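Structure first, then comments.
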Amino acid sequence: MRKPVVLITGANGELGHSLIEHFSKTDDHHIVALDLNPLDRDLRAMCVAAIVGDILDQNLLKRLISEFEIHAIYHLAALLSTRAEYTPDTAHAVNVNGTLNLLQLAHEQSRWHGHPVKFLFPSSIAAYGLPDPETKEKAGKVRENEWNFPTTMYGCNKLYCEQLGRYFTHHYRQLAAEKAPSGVDFRSIRYPGLISAKTLPTGGTSDYAPEMLHAAAQGKAYGCFVPERARLPFMAMPDAIKAIVMLAAAPRAAITQHVYNIGGFSLTAAEIRERVAKAFPKADISYAVDHPRARIVDSWPGDVDDSAARRDWGWKADYSAERAFDEYLVPTIREYYARAGGK
Ligand code: NAD
Ligand code: AKB
C-alpha cells in the first residue's frame with residue numbers, strides 16, 4: 001500500500017522550514033520533503049521521508065510515484081532572482097522544466113488515485129516589470145493582470161509557470177478524443193519579499209531587508225545594496241504560511257483566478273533601516289548600492305492590490321509593519337541569536 005502524503009519540494013529553504021514546522025504543529029499531513037540539500041535535522045522528524053534529490057531527475061520522480069500516494073504538492077524549489085541572473089539557463093531548467101515535471105507528476109498521481117491533486121505554487125512580485133521608478137510610483141498598488149513584463153529570468157519563469165498551471169487545470173490536452181480533466185488543481189500566490197526571524201535568504205533581490213535585520217541582530221555591519229528610496233512590499237513569514245495554507249483550503253468553487261497577490265506591508269529601504277535601528281541602536285547600516293540589483297527592485301511594484309484574495313478566500317494579513325517588527329521579527333530574532341550564542 002502506498003502512503004497518502006503531501007510533497008514539499010525545496011523543503012530545506014526558508015519557506016519550506018516554516019511550512020514543515022506549521023504542518024507538524026497543526027495538521028495530520030504526512031510530509032515527504034524533497035531538496036537538493038539534506039533537510040535540517042530538527043525538521044526530519046516532522047516528515048515521513050526526507051529525500052535528497054533534484055526535481056530535474058525523472059527517475060527520482062518515478063520512484064516517488066511508486067512509493068507514495070501524493071494528494072498535494074507544495075512546489076517551493078526554485079532558483080531565486082539574483083542567483084537566476086548569474087545562471088539563466090540553469091534557472092530556466094530548474095524553475096520551468098522542474099515545475100513542468102511536478103505538474104506532470106501531479107497529473108499522473110491524480111490518474112492513479114482518482115482525486116484532484118492540489119498544486120500550490122509560490123510565484124512572486126518578480127512576475128511584474130515596471131519600466132522606471134516614476135512609473136512605479138504612479139502605479140501604486142498593482143493588480144495581477146497589470147505590468148506583466150518581468151525583466152528577470154526568474155520573473156519570466158514565474159509568470160510562465162503560472163500560465164502552465166492554468167493550462168493544466170483548465171485546458172490540458174483539449175484536443176484529445178476523450179477529453180478528461182488533468183486532475184491538477186493549481187493555485188498560486190505572488191508573494192512579496194518574505195522576512196523570517198529564524199532563517200536568512202540566499203539568492204534573492206529583496207534580501208536586503210532580512211539581511212539588514214539579521215546583521216544588526218548579530219552586531220555585524222551591513223551595506224545595503226539598494227538606495228534609501230527603494231520601496232517593495234514585504235511580508236512576515238507567519239503571514240506567508242497562513243496565506244498558502246488558506247489558499248490550499250479554499251473551496252475550488254471560490255477560486256476565480258489562477259494567481260493571487262497578497263499584501264503585507266510596503267516600506268522603503270530607509271524605513272526598514274529606521275525600524276531596525278530603533279530595535280538595535282548599535283546597528284551599523286550604510287548604503288553600498290549595487291545599481292544592477294537596485295534596478296531589479298525598481299522594476300518590481302512598491303505595493304500590490306490583494307482585493308481578489310480578500311474577496312475569494314478571505315485573505316487578510318495579521319502583520320502590519322509595526323506588528324511584524326515589534327511582535328514577531330525583533331523579539332524572535334533576539335531570542336534566536338541569544339540561543340545560538342549560548343550554544
Ligand atoms: P530558498 O532559496 O530558501 O529555498 C529554495 C530551496 O529549493 C532550497 O532549499 C534549494 O536547495 C531547493 N532547490 C533548488 N533547486 C532545486 C532542485 N533542482 N531540486 C530540488 N530542490 C532544489 O527559497 P524560499 O525563500 O524558501 O522560496 C521558496 C519559494 O517561494 C520559491 O519558489 C520562491 O521563488 C518563492 N518566493 C520566495 C520569496 C521570498 O522572499 N523568500 C518571495 C516570493 C516567492
Ligand atoms: C527574490 O528576491 O528573488 C525573492 C522574491 C521576491 O521572489 N525574494
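Residue numbering restarts at 1 for every chain of the C-alpha cells, chains are lettered A, B, ... in their displayed order, and ligands are numbered from 1 as they appear.
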
### Protein and nucleic acid residues within 6 Å of ligand 2 (only C-alpha atoms and all ligand atoms) as a ChimeraX atom specification
/A:80-81,124-126,192-193,204-207

### Task
Let me have all residues with an atom within 7 Å of ligand 1, counting only C-alpha atoms and all ligand atoms, laid out as a PyMOL selection string.
chain A and resi 9-16+34-37+53-56+75-80+94+98+122-125+190-195+201-204+206

Write out as CSV the residues of stretch 72-186 of chain A that have any atom within 9 Å of an atom of stretch 255-260 of chain A, one row each with the nearest atom pair and its distance in Å to one decimal, counting only C-alpha atoms, sorted by chain and then rising number.
```
residue,atom,partner,partner_atom,distance
A:Phe121,CA,A:Val259,CA,8.9
A:Ser123,CA,A:Val259,CA,8.1
A:Arg143,CA,A:Tyr260,CA,9.0
A:Glu144,CA,A:Tyr260,CA,6.7
A:Glu162,CA,A:Val259,CA,6.9
A:Gln163,CA,A:His258,CA,8.1
A:Gly165,CA,A:His258,CA,7.5
A:Arg166,CA,A:His258,CA,5.9
A:Thr169,CA,A:His258,CA,8.9
A:Phe186,CA,A:His258,CA,6.9
```

### Summary
With distances taken over only C-alpha atoms, the candidate from A:Leu103, A:Ile241, A:Ala308, A:Val142 nearest A:Ile20 is A:Ile241

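With only C-alpha atoms as the atoms that count, the minimum distance from A:Cys224 to the choices A:Val289, A:Leu200, A:Ala249, A:Ile262 is reached by A:Val289.
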
### Query
When DSSP works through the backbone of this structure, what residues of stretch 29-120 of chain A end up as alpha helix (DSSP H), shown as number ranges by chain?
A: 41-44, 58-67, 81-86, 88-92, 98-113

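Within 8 Å of A:Glu85, once only C-alpha atoms are used and residues closer than 4 positions along the same chain are dropped, the contacting residues are Ser81, Ala91, Thr152, Met153 and Tyr154 of chain A.
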
Take the residues just selected and output them with N, CA, C and O atoms as a PDB file, in the first residue's frame.
```pdb
ATOM      1  N   SER A  81      15.781  35.265  -7.660  1.00  0.00           N
ATOM      2  CA  SER A  81      16.033  36.223  -8.750  1.00  0.00           C
ATOM      3  C   SER A  81      17.494  36.591  -9.004  1.00  0.00           C
ATOM      4  O   SER A  81      17.924  36.632 -10.155  1.00  0.00           O
ATOM      5  N   ALA A  91      18.624  28.410 -14.276  1.00  0.00           N
ATOM      6  CA  ALA A  91      17.395  28.885 -13.637  1.00  0.00           C
ATOM      7  C   ALA A  91      16.185  28.452 -14.454  1.00  0.00           C
ATOM      8  O   ALA A  91      15.184  27.969 -13.903  1.00  0.00           O
ATOM      9  N   THR A 152      13.537  39.985 -15.300  1.00  0.00           N
ATOM     10  CA  THR A 152      14.494  38.962 -14.853  1.00  0.00           C
ATOM     11  C   THR A 152      14.093  37.583 -15.379  1.00  0.00           C
ATOM     12  O   THR A 152      12.905  37.328 -15.640  1.00  0.00           O
ATOM     13  N   MET A 153      15.094  36.707 -15.470  1.00  0.00           N
ATOM     14  CA  MET A 153      14.806  35.319 -15.873  1.00  0.00           C
ATOM     15  C   MET A 153      13.838  34.686 -14.867  1.00  0.00           C
ATOM     16  O   MET A 153      12.869  34.021 -15.245  1.00  0.00           O
ATOM     17  N   TYR A 154      14.071  34.931 -13.595  1.00  0.00           N
ATOM     18  CA  TYR A 154      13.222  34.384 -12.529  1.00  0.00           C
ATOM     19  C   TYR A 154      11.771  34.855 -12.700  1.00  0.00           C
ATOM     20  O   TYR A 154      10.823  34.055 -12.616  1.00  0.00           O
TER      21      TYR A 154
END
```

### Task
Write out as a ChimeraX atom specification the residues lying within 8 Å of A:Gly263, counting only C-alpha atoms and excluding same-chain residues fewer than 2 positions away.
/A:192,233-235,261,265,303-306,317

How about saving the chosen residues, C-alpha atoms kept, as an mmCIF file, in the first residue's frame?
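Saved as out20.cif:
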```cif
data_model
loop_
_atom_site.group_PDB
_atom_site.id
_atom_site.type_symbol
_atom_site.label_atom_id
_atom_site.label_comp_id
_atom_site.auth_asym_id
_atom_site.auth_seq_id
_atom_site.Cartn_x
_atom_site.Cartn_y
_atom_site.Cartn_z
ATOM 1 C CA PRO A 192 6.118 39.917 -1.769
ATOM 2 C CA PRO A 233 6.071 45.117 -0.494
ATOM 3 C CA PHE A 234 7.183 42.735 2.269
ATOM 4 C CA MET A 235 5.552 40.129 4.448
ATOM 5 C CA ASN A 261 -1.491 38.950 -4.974
ATOM 6 C CA PHE A 265 3.297 45.995 4.291
ATOM 7 C CA ASP A 303 2.749 47.628 -3.368
ATOM 8 C CA VAL A 304 0.130 45.137 -4.555
ATOM 9 C CA ASP A 305 -3.653 45.123 -4.788
ATOM 10 C CA ASP A 306 -4.814 41.977 -2.993
ATOM 11 C CA ALA A 317 -2.540 39.806 6.756
#
```

### Query
Which is closest to A:Ala215 among A:Ala33, A:Asp284, A:Gln109, A:Gly114, if we use only C-alpha atoms?
A:Asp284

### Query
Taking into account only C-alpha atoms, which residue in the set A:Ala180, A:Leu175, A:Val276, A:Val297 is nearest to A:Ala230?
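Comparing A:Ala180, A:Leu175, A:Val276, A:Val297 against A:Ala230, the winner is A:Val297.
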
### Task
Pick out the closest residue to A:Leu329 from this set: A:Pro88, A:Pro238, A:Tyr208, A:Leu164. Count only C-alpha atoms.
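Of all the options, A:Pro238 lies closest to A:Leu329.
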
#### Entry: Option closest in space to A:Asp40, from A:Asp28, A:Ser18, A:Leu61, A:Asp326 [counting only C-alpha atoms]
A:Ser18
